[in-house]
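Heads up: the structure comes next, in structure tokens.
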Amino acid sequence: MYMPDYEYHTPGTLAEACTLLGELGGKVTVLAGGSDVLHKMKIGNLVPDHLVSLKNLKELREIRYEQGRGVVIGALVTHDGIYRSQLLQKHFLSLPMAAHTMANTQVTNIGTIGGNIVNGSPLADLPPILIALGASVKLVGRSGERVLPLEEFIVGPGKTVIAQDEILTEISIPDQPTTGSTYKKFGLRKSGALAVVSVAAAVTVEGGAITDARIVLGAVAPVPLRAKSAEASLKGKKVSDEAIEEAAAAAAADSRPISDLRGSDEYRRELVRVFTKRALRKAIDEGHV
Amino acid sequence: MSKNYNVIGHSKPKIDGPEKVSGAAKYTGDLKFPNMLHGKILTSPHAHARILSIDTSEAEKLPGVKAVITHKDVPTLKYGLSPARWDENIFCSEKTRFVGDKVAAVACLDEETCYKALKLIKVEYEVLPAVLDFLTAMDEGQPLVHEEYARNINTEIHQEFGDVAKAFAEAHHVRTDTFIGQRTYQCPIEPHSAISMWDAGKLTIYSSTQSPHYFQHYIAREFGMDIGDVRVLKTFVGGGFGGKLEPTGLEFAGAVLAKITSRPVRMFYDRAEMFAHNRGRHAQQMEITTGVDKDGKILGAYANFKMDGGAYTSLGIASAYYAGALLPMTYEFDNFKFDMYRVYTNLPACGAQRGHGAPQPKYAFESHLDNVAKDLGIDPMDIRIRNARRPDTVTPNDFKINSCHMKECLERAREISGWDEKKKNKVPGRGIGVSTGSFVTGAGYPIYRTDLPHASAFIRVNEDGTAATLYTGSVDIGQGSDTVLCQMAAEAMGYRYEQMKIVAADTETTPLDFGAYASRQTYMSGTAVKLAGEEVKKQILEMASFMLSLPPEDLDCEDGIIFSKSRDDKSITFQEAARKHFVLRGPLMGKGVYTPPKLGGTFKGAAVGTSPAYSFGAQIGEVEIDAETGEISVLGIWDVHDCGKVINPRLLHGQVHGALFMGMGESVWEEVLFDDKGKIINAELANYKMLTAMDMPPIESEVIDSYEPTGPWGAKEVGEGSTNPTLGMFSNAIFDAMGVRVNSLPLTYEKVWRALKEKREQEAAEKA
Ligand SMILES: Cc1cc2nc3c(=O)[nH]c(=O)nc-3n(C[C@H](O)[C@H](O)[C@H](O)COP(=O)(O)OP(=O)(O)OC[C@H]3O[C@@H](n4cnc5c(N)ncnc54)[C@H](O)[C@@H]3O)c2cc1C
């Protein structure tokens, strides 16, 4: 394993970074924590001519609350930073808990939320819960910025709508009426395991009835998948085991798993059912956890 | 047995602890030599292919490349474990036999250039149909992995002791079960590495090895050299587990590259290359039949096995024999039959892995025995205690058992695990399983044919007696043998452990020892060390006798103090006497040597499995299973071992924990997986799921007070024995929890889930 030759850039400002991305010729790759990028380079799946490191963009390492936008998370915040954020723990504990299911200490100390999203892996741990919480991403390019729902950002395995000169700068989670959310991950060992299946759920329960629910499935489709028929089946229903079972079955039907070395499609579909049920129960009973 | 010792029997701190903890310890890959080059091996991308041509010219032109070698540049002598099956070459010449087979190598100024140079070597292949399934490898019409081995049979074993057919005819119940064991890999944390260099006609290799002596022998043979002209030494080693017991292309190619360039050459395998080289545990099909009487007493057993050897013999012929040889250990029965085919496939070769050959057959036998117990309505614990081997017995295949506390191990495990209580008050979803294991304390015969002793040692006390150095060829690969052997040396000398130094595992400066395999060092190297220590003690007491004017028989020495047994007022220190000895008689030295007695029967293959002593152990594990997902949580494991006298309790329990860790991984989590072209798809640690610290359950490890009459101070093995019961224990605990038996390893969550689903469907069908 060795790193192919490349040129390394460390822009000092966001504007400079965007210019570099837009103007350097050849294959240009953004480098955040590098836990995906360097791995791909070492196994020969990625051979960039240029790496543009974001390490000097200190402003992207913050988590803050902004009136009107909600909780705003800089793209360079690490998984460990998310796990330890008091602000996140207070508003949406489900996100720190999702970060806690990831990888191992070495990786959570360098891997970033931005990298986890832009990498576009269907089994990444943060996108499902972020989508369930209705998060948006802010993209900054040479000609300005745009904000779009995270759900629309990831379009295929490893594919997003980011433009060549754009950088993901912030992820925001809006103020919302949801009463509970959680992320359930099924891995094959207790630490350092990738998701065989994951389920994120966010629910709004009023007076014993479910007024709204968002369910997002990981590792069972080319993208983090909204289980739309499961969500629809819950709307307006009184909280009950039957309603949850029905939604869980609908989520399993919504999923489109493949068979690979971590599990067969049949097993995964059943796991979707089981973990949708468990996630809904937890979000309904325990709030944002 | 009840005697209190000053040094042995105590948890002395590891002699290399501070170096390892502070990071000062240097492993082979950390070493640098002036002018050192870096080497890499080019391997086959195809499972089975004819080599049509190799063009190295472009690679040779690349700046920084100092040598490129292929089969034309190396000896053509074949190698392997046993002369009848030498089947591997340094480089392939006509065809490659697995993805990862060695084709060429380069030596360059830096590592990066090596990778670039490898890409420039052009090999033209004609891809051949490959043999990937060991169960059909012997069928008519299958391609041949080696033309000289008909039907791809590498090793064929047919043994029968007693009369199995008669035993089955007379049995109350006869049952057959078939199980599959998976291919696993040792995964030592430190990669294989070697640095080779020549000085005139002498070759020196620093290697991450379990046996410098075997490497020296093997390498000298390959290059037609005197073994005196080959020096192999190890630095610190980060684990081996059987995978570093034979030389690899790193030593062979490295030696040639170093010769051609006249510079030291450093070579190592990265993680993926380690997997490709492999030599891990064989995949295996195991059909077991036993006949029992109405009380569950085993009357006879028949083991009918097939093994996936991969492309070469490696150490696998021994694995094949061990698979059967160690089956009749923990339970007594007189009639035993064993049939085995080890077949070639176009997959990486398999070899020795912790518990060599024994853990999977144990899984099969212990699962099967639980099935038999269920058929008869007997508690799994009771059927084991009823059949447990007793001391001073002989197995049907002629292994002599001296000390053996099999029954006590089972009874103690039953007690500390709360077996009876847990069986009585079953918690839904939870299950408890028991299994047993036994292992050799060193192999009775050498790893290659020779009449050399198996171990030797000497001790040199320095001129003023303030330190003593133990010289031994034995090999500390992390298990702590340097510590244990220094404890034994100090005990035998009457000296202090804290003043011991050690020089080990260097074929030039230390005396012969076969190394770290077959759980042999505490016993065999230890016996040699004990004799060396006693020789020092005898001389120091003679000197003290002269100094104190007392007869030597009246003197003894403990903890560095020489004292009179009859008078309180007469004593001197070891140090004073040692200094005097040096002044009057020169260096104070002692030496010891160990050769096992002649062991075993005379039938074909009788040597494999012989040992001067055997460990025994019982393991109980409790699991909780999520019925909806098949996820297995391990609630606790109780391990009770009979390993003779314990030299260092903390290191002993460390071995039990380590063996359990590996056994657990093999039980549920680990498997080397291939695509349909024979390429490994999980040659990394994300998807080859070794367990993490987070996965380890609470473990209670206990030993039975035991004494092996042939061992040094009564000691026998522990390092591998504790892996043997684990796989079967998990199978039985899952069976107890869920009433389903998974007949193939690893017992993954998905397999458990599927078995439960099938059971539910069957029950529903029966109701309807
Ligand atoms: C051992 C190991 C275990 C792992 N376990 C897990 C796990 O359990 N769960 C999981 O989800 N992931 C896991 N990962 C994957 C990885 O760690 C995460 O996806 C991580 O969040 C990636 O972040 P990074 O900062 O390292 O990204 P990088 O590797 O630097 O980048 C990843 C991708 O995102 C792009 N990118 C990064 N930041 C930006 C930005 N701000 N704007 C535009 N593009 C950007 C890069 O160009 C690249 O394409 C694991 C990785 C390793 C090595």
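We label chains A, B, ... in the order they appear in the structure tokens, count residues from 1 in each chain, and number ligands from 1 in the order shown.
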Problem set entry | Within 8 Å of ligand 1 (only C-alpha atoms and all ligand atoms), residues as a PyMOL selection string | (chain A and resi 29-39+54+75-76+78-79+101-104+106-108+110-121+123-126+139+158+162+166-169+192-195) or (chain B and resi 686)
Suppose we keep C-alpha atoms; can you now write the selection as a tab-separated table (two decimals), in the first residue's frame?
```
chain	number	residue	atom	x	y	z
A	29	THR	CA	-10.13	16.13	-4.24
A	30	VAL	CA	-11.07	17.95	-1.05
A	31	LEU	CA	-9.34	16.61	2.04
A	32	ALA	CA	-10.93	16.95	5.48
A	33	GLY	CA	-9.99	14.28	8.05
A	34	GLY	CA	-8.84	11.98	5.28
A	35	SER	CA	-10.22	8.81	6.82
A	36	ASP	CA	-12.07	8.00	3.60
A	37	VAL	CA	-9.79	9.79	1.12
A	38	LEU	CA	-6.47	8.34	2.26
A	39	HIS	CA	-7.91	4.86	2.55
A	54	LEU	CA	-9.41	22.33	4.51
A	75	ALA	CA	-18.38	20.75	8.25
A	76	LEU	CA	-14.99	20.13	9.90
A	78	THR	CA	-15.16	15.69	14.09
A	79	HIS	CA	-17.32	12.80	15.23
A	101	THR	CA	-21.64	4.26	17.21
A	102	MET	CA	-18.92	5.00	14.73
A	103	ALA	CA	-15.55	3.45	14.04
A	104	ASN	CA	-12.99	3.73	16.82
A	106	GLN	CA	-8.53	7.04	16.15
A	107	VAL	CA	-11.11	7.58	13.41
A	108	THR	CA	-13.64	9.58	15.42
A	110	ILE	CA	-10.12	12.85	12.74
A	111	GLY	CA	-13.21	11.95	10.73
A	112	THR	CA	-15.56	14.89	10.13
A	113	ILE	CA	-19.28	15.29	9.68
A	114	GLY	CA	-18.67	16.97	6.32
A	115	GLY	CA	-16.58	14.07	5.10
A	116	ASN	CA	-19.17	11.58	6.28
A	117	ILE	CA	-21.81	13.36	4.20
A	118	VAL	CA	-19.86	14.22	1.03
A	119	ASN	CA	-18.35	10.74	0.92
A	120	GLY	CA	-21.88	9.66	0.01
A	121	SER	CA	-21.70	6.15	1.39
A	123	LEU	CA	-23.95	3.04	5.12
A	124	ALA	CA	-22.53	6.23	6.64
A	125	ASP	CA	-23.84	6.76	10.16
A	126	LEU	CA	-24.63	10.46	10.33
A	139	LEU	CA	-22.52	24.72	-0.11
A	158	GLY	CA	-20.48	8.01	-3.55
A	162	ILE	CA	-21.79	19.10	-5.06
A	166	GLU	CA	-18.02	23.83	-3.99
A	167	ILE	CA	-17.27	23.15	-0.38
A	168	LEU	CA	-19.76	21.92	2.17
A	169	THR	CA	-19.43	24.46	4.97
A	192	GLY	CA	-15.29	-0.61	14.70
A	193	ALA	CA	-18.25	-2.13	12.90
A	194	LEU	CA	-19.89	-0.82	9.75
A	195	ALA	CA	-23.68	-0.79	9.61
B	686	ALA	CA	-12.84	-3.86	8.85
```
Can you check which parts of range 158-216 of chain A lie within 10 Å of range 257-270 of chain A? Per residue, the shortest pair of atoms and distance in Å to one decimal, counting only C-alpha atoms, sorted by chain and number, as a Markdown table.
```
| residue | atom | partner | partner_atom | distance |
| --- | --- | --- | --- | --- |
| A:Phe186 | CA | A:Arg268 | CA | 9.8 |
| A:Gly187 | CA | A:Arg262 | CA | 8.8 |
| A:Leu188 | CA | A:Arg262 | CA | 7.9 |
| A:Leu194 | CA | A:Arg262 | CA | 8.7 |
| A:Ala195 | CA | A:Arg262 | CA | 8.6 |
| A:Val196 | CA | A:Arg262 | CA | 6.1 |
| A:Val197 | CA | A:Arg268 | CA | 6.3 |
| A:Ser198 | CA | A:Arg268 | CA | 9.6 |
```
Output the selection as a short mmCIF file (atom, residue, chain, number, x, y, z; two decimals), in the first residue's frame - N, CA, C and O atoms for each residue.
```
data_model
loop_
_atom_site.label_atom_id
_atom_site.label_comp_id
_atom_site.auth_asym_id
_atom_site.auth_seq_id
_atom_site.Cartn_x
_atom_site.Cartn_y
_atom_site.Cartn_z
N PHE A 186 -27.09 -1.56 13.41
CA PHE A 186 -26.77 -2.97 13.66
C PHE A 186 -25.45 -3.29 12.99
O PHE A 186 -25.31 -3.25 11.76
N GLY A 187 -24.43 -3.54 13.83
CA GLY A 187 -23.11 -3.91 13.31
C GLY A 187 -22.75 -5.28 13.83
O GLY A 187 -23.42 -5.83 14.71
N LEU A 188 -21.66 -5.84 13.32
CA LEU A 188 -21.35 -7.23 13.65
C LEU A 188 -20.34 -7.39 14.79
O LEU A 188 -19.90 -8.49 15.09
N LEU A 194 -19.09 -1.58 10.70
CA LEU A 194 -19.89 -0.82 9.75
C LEU A 194 -21.33 -1.31 9.85
O LEU A 194 -21.58 -2.45 10.24
N ALA A 195 -22.26 -0.43 9.49
CA ALA A 195 -23.68 -0.79 9.61
C ALA A 195 -24.05 -1.88 8.61
O ALA A 195 -23.75 -1.78 7.43
N VAL A 196 -24.70 -2.93 9.11
CA VAL A 196 -25.32 -3.92 8.23
C VAL A 196 -26.67 -3.32 7.80
O VAL A 196 -27.08 -3.41 6.65
N VAL A 197 -27.29 -2.69 8.77
CA VAL A 197 -28.54 -1.96 8.57
C VAL A 197 -28.56 -0.87 9.63
O VAL A 197 -28.05 -1.06 10.73
N SER A 198 -29.11 0.29 9.27
CA SER A 198 -29.34 1.29 10.32
C SER A 198 -30.68 1.96 10.06
O SER A 198 -31.16 1.98 8.93
#
```
Problem set entry | Residues of chain B within 9 Å of chain A, only C-alpha atoms counted, as number ranges by chain | B: 111-112, 115, 270-272, 628-629, 631, 669, 673, 681-682, 686-687, 689-695, 748-750, 753-754
Please produce a file of the residues just selected, as a PDB file, in the first residue's frame, where the atoms kept are C-alpha atoms.
```
ATOM      1  CA  GLU B 111       9.534   1.591  -0.636  1.00  0.00           C
ATOM      2  CA  GLU B 112       7.653   3.833  -3.021  1.00  0.00           C
ATOM      3  CA  TYR B 115       5.566  -0.303  -5.780  1.00  0.00           C
ATOM      4  CA  ASP B 270       1.357  -5.258   4.473  1.00  0.00           C
ATOM      5  CA  ARG B 271      -1.956  -6.420   5.911  1.00  0.00           C
ATOM      6  CA  ALA B 272      -3.413  -7.504   2.560  1.00  0.00           C
ATOM      7  CA  GLU B 628     -35.145 -11.214  16.238  1.00  0.00           C
ATOM      8  CA  THR B 629     -31.659 -10.544  14.896  1.00  0.00           C
ATOM      9  CA  GLU B 631     -27.134 -11.213  17.684  1.00  0.00           C
ATOM     10  CA  TRP B 669     -16.949 -13.513  13.893  1.00  0.00           C
ATOM     11  CA  LEU B 673     -13.882 -14.847   2.378  1.00  0.00           C
ATOM     12  CA  ILE B 681     -12.502 -10.015  -0.352  1.00  0.00           C
ATOM     13  CA  ASN B 682     -11.838  -9.155   3.278  1.00  0.00           C
ATOM     14  CA  ALA B 686     -12.844  -3.862   8.853  1.00  0.00           C
ATOM     15  CA  ASN B 687     -14.487  -6.920   7.356  1.00  0.00           C
ATOM     16  CA  LYS B 689     -13.835  -9.154  12.093  1.00  0.00           C
ATOM     17  CA  MET B 690     -11.326  -9.750  14.827  1.00  0.00           C
ATOM     18  CA  LEU B 691     -12.930  -8.836  18.089  1.00  0.00           C
ATOM     19  CA  THR B 692     -12.151  -5.654  19.979  1.00  0.00           C
ATOM     20  CA  ALA B 693     -11.620  -5.042  23.669  1.00  0.00           C
ATOM     21  CA  MET B 694     -15.247  -3.874  23.773  1.00  0.00           C
ATOM     22  CA  ASP B 695     -16.445  -7.319  22.746  1.00  0.00           C
ATOM     23  CA  THR B 748     -22.692 -15.784  12.713  1.00  0.00           C
ATOM     24  CA  TYR B 749     -25.659 -13.717  13.806  1.00  0.00           C
ATOM     25  CA  GLU B 750     -27.231 -14.297  10.417  1.00  0.00           C
ATOM     26  CA  TRP B 753     -31.201 -15.887  12.824  1.00  0.00           C
ATOM     27  CA  ARG B 754     -31.779 -18.191   9.861  1.00  0.00           C
TER      28      ARG B 754
END
```
Problem set entry | Contacts of range 759-768 of chain B at 9 Å (only C-alpha atoms; same-chain gap of 2+ positions) as number ranges by chain | B: 739-740, 754-757
Exercise. Which residues in range 281-442 of chain B does DSSP call helix (DSSP H, G or I)? List them as number ranges by chain.
Worked result: B: 316-325, 359-376, 380-387, 406-417, 419-424
Dump N, CA and C atoms for the selected residues as a short mmCIF file (atom, residue, chain, number, x, y, z; two decimals), in the first residue's frame?
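Result written to again_36.cif:
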```
data_model
loop_
_atom_site.label_atom_id
_atom_site.label_comp_id
_atom_site.auth_asym_id
_atom_site.auth_seq_id
_atom_site.Cartn_x
_atom_site.Cartn_y
_atom_site.Cartn_z
N GLY B 316 0.73 -27.89 6.71
CA GLY B 316 -0.61 -28.47 6.76
C GLY B 316 -0.69 -29.96 6.91
N ILE B 317 0.34 -30.68 6.55
CA ILE B 317 0.28 -32.12 6.74
C ILE B 317 0.20 -32.43 8.24
N ALA B 318 0.90 -31.63 9.03
CA ALA B 318 0.80 -31.81 10.49
C ALA B 318 -0.60 -31.46 10.96
N SER B 319 -1.18 -30.39 10.40
CA SER B 319 -2.55 -30.01 10.79
C SER B 319 -3.50 -31.16 10.51
N ALA B 320 -3.30 -31.83 9.37
CA ALA B 320 -4.20 -32.92 8.98
C ALA B 320 -4.12 -34.06 10.00
N TYR B 321 -2.92 -34.42 10.39
CA TYR B 321 -2.77 -35.49 11.39
C TYR B 321 -3.31 -35.06 12.75
N TYR B 322 -2.98 -33.82 13.14
CA TYR B 322 -3.45 -33.33 14.46
C TYR B 322 -4.97 -33.36 14.56
N ALA B 323 -5.65 -33.10 13.43
CA ALA B 323 -7.12 -33.01 13.45
C ALA B 323 -7.73 -34.28 14.04
N GLY B 324 -7.14 -35.42 13.72
CA GLY B 324 -7.66 -36.65 14.28
C GLY B 324 -6.96 -37.04 15.57
N ALA B 325 -5.64 -36.82 15.58
CA ALA B 325 -4.84 -37.32 16.70
C ALA B 325 -5.31 -36.80 18.05
N PRO B 359 -8.88 -27.19 17.23
CA PRO B 359 -10.12 -26.49 17.63
C PRO B 359 -11.36 -26.86 16.81
N GLN B 360 -11.23 -26.98 15.49
CA GLN B 360 -12.43 -27.28 14.69
C GLN B 360 -12.95 -28.70 14.94
N PRO B 361 -12.07 -29.71 14.92
CA PRO B 361 -12.56 -31.05 15.28
C PRO B 361 -13.19 -31.07 16.67
N LYS B 362 -12.64 -30.27 17.56
CA LYS B 362 -13.22 -30.18 18.90
C LYS B 362 -14.62 -29.58 18.83
N TYR B 363 -14.77 -28.55 18.02
CA TYR B 363 -16.10 -27.94 17.81
C TYR B 363 -17.07 -29.01 17.34
N ALA B 364 -16.64 -29.79 16.35
CA ALA B 364 -17.52 -30.81 15.79
C ALA B 364 -17.85 -31.86 16.86
N PHE B 365 -16.83 -32.33 17.54
CA PHE B 365 -17.05 -33.42 18.49
C PHE B 365 -17.90 -32.95 19.68
N GLU B 366 -17.62 -31.75 20.17
CA GLU B 366 -18.35 -31.26 21.35
C GLU B 366 -19.80 -30.92 21.01
N SER B 367 -20.03 -30.40 19.80
CA SER B 367 -21.41 -30.14 19.37
C SER B 367 -22.15 -31.46 19.25
N HIS B 368 -21.47 -32.40 18.62
CA HIS B 368 -22.04 -33.74 18.40
C HIS B 368 -22.37 -34.41 19.74
N LEU B 369 -21.47 -34.26 20.69
CA LEU B 369 -21.67 -34.90 22.00
C LEU B 369 -22.90 -34.32 22.70
N ASP B 370 -23.13 -33.01 22.52
CA ASP B 370 -24.33 -32.41 23.09
C ASP B 370 -25.59 -32.96 22.42
N ASN B 371 -25.48 -33.18 21.10
CA ASN B 371 -26.61 -33.78 20.39
C ASN B 371 -26.91 -35.17 20.93
N VAL B 372 -25.83 -35.93 21.16
CA VAL B 372 -25.99 -37.28 21.70
C VAL B 372 -26.62 -37.22 23.09
N ALA B 373 -26.14 -36.28 23.91
CA ALA B 373 -26.67 -36.14 25.27
C ALA B 373 -28.16 -35.82 25.21
N LYS B 374 -28.52 -34.97 24.27
CA LYS B 374 -29.93 -34.60 24.14
C LYS B 374 -30.77 -35.82 23.74
N ASP B 375 -30.24 -36.59 22.77
CA ASP B 375 -30.96 -37.80 22.35
C ASP B 375 -31.24 -38.70 23.54
N LEU B 376 -30.27 -38.77 24.45
CA LEU B 376 -30.39 -39.70 25.58
C LEU B 376 -31.03 -39.05 26.80
N PRO B 380 -25.56 -32.19 29.52
CA PRO B 380 -24.27 -32.12 28.82
C PRO B 380 -23.08 -32.21 29.77
N MET B 381 -23.24 -31.69 30.98
CA MET B 381 -22.15 -31.76 31.95
C MET B 381 -21.96 -33.21 32.41
N ASP B 382 -23.05 -33.88 32.66
CA ASP B 382 -22.96 -35.25 33.16
C ASP B 382 -22.31 -36.18 32.14
N ILE B 383 -22.67 -36.02 30.86
CA ILE B 383 -22.10 -36.95 29.87
C ILE B 383 -20.59 -36.74 29.78
N ARG B 384 -20.16 -35.51 29.99
CA ARG B 384 -18.72 -35.23 29.92
C ARG B 384 -17.99 -35.79 31.13
N ILE B 385 -18.57 -35.57 32.29
CA ILE B 385 -17.92 -36.09 33.50
C ILE B 385 -17.85 -37.62 33.44
N ARG B 386 -18.91 -38.21 32.92
CA ARG B 386 -18.96 -39.67 32.80
C ARG B 386 -17.84 -40.20 31.90
N ASN B 387 -17.49 -39.44 30.88
CA ASN B 387 -16.48 -39.91 29.92
C ASN B 387 -15.08 -39.34 30.15
N MET B 406 -9.07 -33.82 34.19
CA MET B 406 -10.21 -33.45 33.34
C MET B 406 -11.50 -33.34 34.14
N LYS B 407 -11.74 -34.33 34.97
CA LYS B 407 -12.98 -34.36 35.73
C LYS B 407 -13.06 -33.18 36.70
N GLU B 408 -11.95 -32.90 37.38
CA GLU B 408 -11.95 -31.77 38.33
C GLU B 408 -12.16 -30.45 37.60
N CYS B 409 -11.59 -30.31 36.40
CA CYS B 409 -11.80 -29.09 35.63
C CYS B 409 -13.28 -28.89 35.36
N LEU B 410 -13.93 -29.96 34.93
CA LEU B 410 -15.36 -29.88 34.62
C LEU B 410 -16.16 -29.54 35.87
N GLU B 411 -15.82 -30.21 36.96
CA GLU B 411 -16.59 -29.99 38.19
C GLU B 411 -16.41 -28.58 38.72
N ARG B 412 -15.18 -28.10 38.62
CA ARG B 412 -14.92 -26.74 39.12
C ARG B 412 -15.60 -25.70 38.22
N ALA B 413 -15.56 -25.92 36.93
CA ALA B 413 -16.22 -24.99 36.01
C ALA B 413 -17.73 -24.99 36.26
N ARG B 414 -18.25 -26.16 36.52
CA ARG B 414 -19.67 -26.29 36.83
C ARG B 414 -20.03 -25.44 38.05
N GLU B 415 -19.13 -25.49 39.03
CA GLU B 415 -19.38 -24.78 40.28
C GLU B 415 -19.29 -23.26 40.08
N ILE B 416 -18.19 -22.78 39.51
CA ILE B 416 -17.99 -21.32 39.47
C ILE B 416 -18.90 -20.65 38.45
N SER B 417 -19.41 -21.41 37.49
CA SER B 417 -20.29 -20.80 36.49
C SER B 417 -21.74 -20.80 36.95
N TRP B 419 -23.58 -23.47 36.88
CA TRP B 419 -24.20 -24.32 35.84
C TRP B 419 -25.55 -24.88 36.28
N ASP B 420 -25.57 -25.55 37.43
CA ASP B 420 -26.78 -26.25 37.84
C ASP B 420 -27.94 -25.29 38.01
N GLU B 421 -27.64 -24.16 38.66
CA GLU B 421 -28.66 -23.15 38.91
C GLU B 421 -29.18 -22.60 37.58
N LYS B 422 -28.24 -22.32 36.67
CA LYS B 422 -28.64 -21.75 35.38
C LYS B 422 -29.43 -22.74 34.54
N LYS B 423 -29.11 -24.00 34.67
CA LYS B 423 -29.85 -25.03 33.94
C LYS B 423 -31.26 -25.18 34.50
N LYS B 424 -31.35 -25.03 35.82
CA LYS B 424 -32.64 -25.23 36.48
C LYS B 424 -33.58 -24.06 36.18
#
```
